[in-house]
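Have a look at the structure below before the remarks.
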Amino acid sequence: MIPVIDIAPLVNLCGGDSNSSKATSAAELENVIKSIADACQKFGFFATINHGVDAATIKDAWTASTQFFDMKSSIKQSVSMTDKYPYGYENCESLGVERSTSDANNTTQDTLSPDSKETFSLGPLNSELSNMPPRKFPLNASSNFAPATERYYSAMEHLAKILFKGLAMAQKLDDASWFLQKGRFDDGHQCALRMLNYPELQYQTDASTVQIRAGEHTDYGAFTILKSGGPGLQLQLSKDKEWIDVPHLEDSFIINLGDLMQRWTNDKWTSTLHRVVATDNNADNDRAGDGGQKLFKSARRQSIAFFVNMNGNAIVMPLETCVDETHPSKYIPIKASEHLIQRHNQSMMAKHKKKE
């Protein structure tokens, strides 16, 4: 099980509201930072509680997301993801080649079919500084959709800054605001909010098959802040190759490190492979269907992910605290935007390949 970390001392240090009336001591803060460092090194994942994000902000965004995905296709597709606009609505993304895996013999089908999900993404507010396209919202969506998603985006920006300070302290950097310096992560950042909907599905399958809803992948930014609506998320630790269920905790966020943070730490911290699998929704899943297979009904699953991306011109190279004679630098410097473009193009190429 991934660590669950009470980050109230860190939130209080940054002047936020963790709903905790208790004053933060140096020892409490030190314990939080140690827990973050251990989680980043061993798992690349951890859950946060007492994070300081207003419950109403979360609820409003969740309601807006549910209402949007329940709308007819013409409304959802009024703002679609394209080669020139990397946000908006998408329903044929392919994150990896794995789509169904037999637990019995650990074999995988090498196919490239779309993930069984749909998404809506929103980019940064300041399009001029971020050099990203201005925000677009669906035509005829509910009146609360734009304000609710924008409030949530702002709340995630604030939480990201708190977590960046925790990560800097966990890396023993001299400046706790190192990641937040001008030109590295400021109003010109390229963060993306993504609402995800995994519709309820019904299909025939055998008992040994795990149905994949989002293929195995790593995130390619600094880290991701995930609000999950239920079970289904799994991670794979490189040592044993087994898939581990990430627990669903109601009032928490799941934090997972991305490829840029692994690069920054010279592989000291891990950008962990993860996926989403279908979960049971009905007692009929125990009923045999045609050919000895069983009828499986998967639960609808929703989540909201906030991908924490740096300023486009931020240079990413291994930190001094992660490089020495025993651990030489493994990576050359790269602009954060160049890395994002490379990964986005890979995703778009996979989608086009499927359409051919």
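Identifiers for the structure tokens are assigned positionally: chains receive A, B, ... in sequence, residues are indexed from 1 per chain, and ligands are indexed from 1 in the order shown.
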DSSP says strand (DSSP E or B) for which residues of stretch 68-271 of chain A? Put them as a count of residues only? 58
Quick one: which stretch 212-252 of chain A residues come within 10 Å of stretch 170-192 of chain A, and what is the nearest atom pair for each with the distance in Å to one decimal, counting only C-alpha atoms, rows ordered by chain and ascending number, as CSV?
residue,atom,partner,partner_atom,distance
A:Gly221,CA,A:Cys191,CA,8.6
A:Ala222,CA,A:Cys191,CA,9.7
A:Thr224,CA,A:Cys191,CA,9.6
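Minimum atom-to-atom distance to A:Asp70, evaluated using only C-alpha atoms, belongs to A:Glu118 out of A:Glu118, A:Asp324, A:Glu128, A:Glu90.
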Helix (DSSP H, G or I) residues, from DSSP on the backbone, in stretch 154-197 of chain A, as a PyMOL selection string: chain A and resi 154-170+178-180
Could the residues in this selection be saved with C-alpha atoms as an mmCIF file, in the first residue's frame?
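And here is the file that came out, selection14.cif:
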data_model
loop_
_atom_site.group_PDB
_atom_site.id
_atom_site.type_symbol
_atom_site.label_atom_id
_atom_site.label_comp_id
_atom_site.auth_asym_id
_atom_site.auth_seq_id
_atom_site.Cartn_x
_atom_site.Cartn_y
_atom_site.Cartn_z
ATOM 1 C CA SER A 154 -6.498 27.575 -9.374
ATOM 2 C CA ALA A 155 -6.750 25.432 -6.236
ATOM 3 C CA MET A 156 -4.485 22.812 -7.830
ATOM 4 C CA GLU A 157 -1.956 25.512 -8.758
ATOM 5 C CA HIS A 158 -1.798 26.501 -5.098
ATOM 6 C CA LEU A 159 -1.492 22.895 -3.897
ATOM 7 C CA ALA A 160 1.255 22.272 -6.480
ATOM 8 C CA LYS A 161 3.295 25.143 -5.017
ATOM 9 C CA ILE A 162 2.944 23.666 -1.532
ATOM 10 C CA LEU A 163 4.050 20.253 -2.764
ATOM 11 C CA PHE A 164 6.973 21.748 -4.677
ATOM 12 C CA LYS A 165 8.262 23.196 -1.402
ATOM 13 C CA GLY A 166 7.911 19.810 0.255
ATOM 14 C CA LEU A 167 9.771 18.126 -2.592
ATOM 15 C CA ALA A 168 12.563 20.716 -2.455
ATOM 16 C CA MET A 169 12.993 20.130 1.271
ATOM 17 C CA ALA A 170 12.879 16.372 0.727
ATOM 18 C CA TRP A 178 13.825 26.367 -5.676
ATOM 19 C CA PHE A 179 11.221 24.825 -7.996
ATOM 20 C CA LEU A 180 9.127 28.013 -7.775
#
Let me make sure I understand: among A:Ile5, A:Ala278, A:Ile304, A:Leu273, which one has the smallest atom-to-atom distance to A:Asp38 if we use only C-alpha atoms? A:Ile5
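Relative to atom CA of A:Val277, atom CA of A:Leu233 is found at 6.6 Å.
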Name the closest residue to A:Phe69 among the candidates A:Phe307, A:Arg213, A:Arg301, A:Val53; distances are taken between atoms, counting only C-alpha atoms. A:Arg301
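Residue neighbourhood of A:Thr218, excluding near-sequence residues (fewer than 6 positions): Gly258, Asp259, Ser271, Thr272, Leu273 and His274 of chain A, at 8 Å, using only C-alpha atoms.
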Show me, as number ranges by chain, the residues that have an atom within 9 Å of stretch 139-146 of chain A when counting only C-alpha atoms, minus same-chain residues fewer than 5 positions from it. A: 60-61, 63-65, 67-68, 71, 75-76, 78-79, 151
